[in-house]
Amino acid sequence: MTTPSLTGDPGDQGDQGDQGDQGDQGDNSPLLVQRSDDRVVATLNRPGKRNAIDQATVDALHGLCAELETDPRTLILAGSDGVFAAGADIAELRERRAADALLGINTRAFVRIAELPMPVIAAIDGYALGGGAELAYAADIRIGTPSLAIGNPETGLGILAAAGASWRLKEIVGDARAVELLVTGRTVKADEAVRIGLVTSLHERDDLLGAAHAIADRISRNDRQATIATKRVFRAPREQHPAIDLEAQSALFESPEKFRRMTDFLERRDRSKTGELS
Ligand code: COA
């Protein structure tokens with residue numbers, strides 16, 4: 001695995017225009033952002049509050065999405081201090097009223113993350129509860145550690161999991177498991193999470209980010225436009241298939257990168273047949 005050189009330079013934000021707070025202005029930011037050419041690592045950073053997702057975190061996530069919509073790169077989402085995120089910030093949630101619910105404060109941020117052009121990888125260590133779990137469900141790929149504990153205890157707090165769990169969780173684990181998890185509010189531990197496909201692999205805490213980078217390395221070796229098309233087509237509603245697949249493929253069939261990669265493959269085979277390549 002090649003670990004990228006991550007600048008993490010708060011001043012290295014390029015021309016962000018009016019994209020808002022980039023959320024990486026220093027160690028006190030709720031979201032620490034490290035950038036390289038092909039990926040961004042965003043670390044939730046409210047360890048004293050178990051990385052509970054408050055308005056400042058949501059604002060920072062929107063700022064990051066604006067950047068990645070303009071300059072698509074793989075996103076790795078991680079927590080800090082042995083916790084991914086213990087949910088939406090309950091102190092803020094308690095004060096929110098009916099009109100606030102309709103604003104979909106977390107929902108809109110998580111939808112934006114799910115719709116980022118390039119893949120999103122959630123590297124989940126420890127608790128991912130409530131909104132923290134829903135943030136993870138918004139990712140394309142989830143990996144965890146043996147201390148993973150993921151679930152939606154919202155009904156125990158008198159609310160529902162309205163930031164993605166009711167539609168994304170069943171897409172990930174199926175209707176029967178999803179409804180059981182949502183109405184019981186129970187927490188899924190690491191082994192069960194792998195078994196039901198909620199995470200695809202487990203890694204010791206020290207290896208988790210490395211494993212996420214290894215996935216990002218694999219993605220980086222492929223053609224970026226083909227990856228973007230794959231994610232967009234994959235996430236399209238059933239009724240748009242197969243037309244959307246064919247439209248995307250027709251654009252890629254004309255791309256210089258397709259000709260370059262296929263020619264490279266064929267010429268390598270020719271050279272190996274004539275013994276030019278050992
Ligand atoms: N919102 C706001 N604050 C939270 C929080 C949340 N979702 N989760 C944890 N915190 C805060 C606690 O209030 C506490 O703050 P304080 O030190 O100022 O009192 C701090 O984080 C540490 O929490 P604590 O409960 O002492 O940590 P723990 O390691 O013993 O337990 C959890 C961790 C995650 C099991 C526990 O904090 C918890 O159950 N959190 C709420 C989970 C939840 O219901 N999430 C769904 C929200 S929709």
# chains A, B, ... in the order shown; residues from 1 in each chain; ligands from 1

$ residues_around --residues "stretch 155-160 of chain A" --least-positions-apart "4" --cutoff "9 Å" --atoms "only C-alpha atoms" --output "PyMOL selection string"
chain A and resi 166+182-185

$ residues_near_ligand --ligand "ligand 1" --cutoff "9 Å" --atoms "only C-alpha atoms and all ligand atoms" --output "count of residues only"
37

$ closest_residue --among "A:Arg195, A:His213, A:His203, A:Arg112" --to "A:Ser147" --atoms "only C-alpha atoms"
A:His203

$ select_by_dssp --residues "stretch 5-228 of chain A" --states "alpha helix (DSSP H)" --output "VMD selection string"
chain A and resid 55 to 70 90 to 95 98 to 103 105 to 114 131 to 137 170 to 173 175 to 184 190 to 195 205 to 221 224 to 228

$ closest_residue --among "A:Ser201, A:Thr74, A:Ser272, A:Ala99" --to "A:Arg218" --atoms "only C-alpha atoms"
A:Thr74

$ select_by_dssp --residues "stretch 52-260 of chain A" --states "strand (DSSP E)" --output "list of chain:residue names"
A:Thr74, A:Leu75, A:Ile76, A:Leu77, A:Ala78, A:Val120, A:Ile121, A:Ala122, A:Ala123, A:Ile124, A:Tyr127, A:Ala128, A:Leu129, A:Ile141, A:Arg142, A:Ile143, A:Gly144, A:Ala149, A:Ile150, A:Gly151, A:Thr187, A:Val188, A:Lys189, A:Ser201, A:Leu202

$ write_last_selection --atoms "C-alpha atoms" --output "PDB file, in the first residue's frame"
ATOM      1  CA  THR A  74     -12.079   9.625  -2.678  1.00  0.00           C
ATOM      2  CA  LEU A  75     -13.218  10.550   0.827  1.00  0.00           C
ATOM      3  CA  ILE A  76     -12.186   8.608   3.923  1.00  0.00           C
ATOM      4  CA  LEU A  77     -14.356   9.433   6.953  1.00  0.00           C
ATOM      5  CA  ALA A  78     -12.959   8.532  10.363  1.00  0.00           C
ATOM      6  CA  VAL A 120     -16.712   7.475   0.283  1.00  0.00           C
ATOM      7  CA  ILE A 121     -15.098   5.044   2.743  1.00  0.00           C
ATOM      8  CA  ALA A 122     -16.179   5.060   6.409  1.00  0.00           C
ATOM      9  CA  ALA A 123     -13.440   3.767   8.733  1.00  0.00           C
ATOM     10  CA  ILE A 124     -15.392   2.981  11.884  1.00  0.00           C
ATOM     11  CA  TYR A 127     -19.325   3.655  18.602  1.00  0.00           C
ATOM     12  CA  ALA A 128     -21.252   4.693  15.510  1.00  0.00           C
ATOM     13  CA  LEU A 129     -24.667   5.479  16.955  1.00  0.00           C
ATOM     14  CA  ILE A 141     -17.742   1.297   1.728  1.00  0.00           C
ATOM     15  CA  ARG A 142     -17.649   0.645   5.477  1.00  0.00           C
ATOM     16  CA  ILE A 143     -14.837  -1.054   7.362  1.00  0.00           C
ATOM     17  CA  GLY A 144     -14.437  -1.334  11.121  1.00  0.00           C
ATOM     18  CA  ALA A 149     -20.658  -0.873  17.975  1.00  0.00           C
ATOM     19  CA  ILE A 150     -23.142   0.482  15.470  1.00  0.00           C
ATOM     20  CA  GLY A 151     -26.855   1.090  15.764  1.00  0.00           C
ATOM     21  CA  THR A 187     -26.362  -2.029  18.901  1.00  0.00           C
ATOM     22  CA  VAL A 188     -24.625  -4.350  16.444  1.00  0.00           C
ATOM     23  CA  LYS A 189     -21.133  -5.472  17.409  1.00  0.00           C
ATOM     24  CA  SER A 201     -13.935  -6.090   6.889  1.00  0.00           C
ATOM     25  CA  LEU A 202     -12.437  -5.683  10.372  1.00  0.00           C
TER      26      LEU A 202
END

$ closest_residue --among "A:Leu209, A:Gln225, A:Ser250, A:Tyr137" --to "A:Gly197" --atoms "only C-alpha atoms"
A:Tyr137
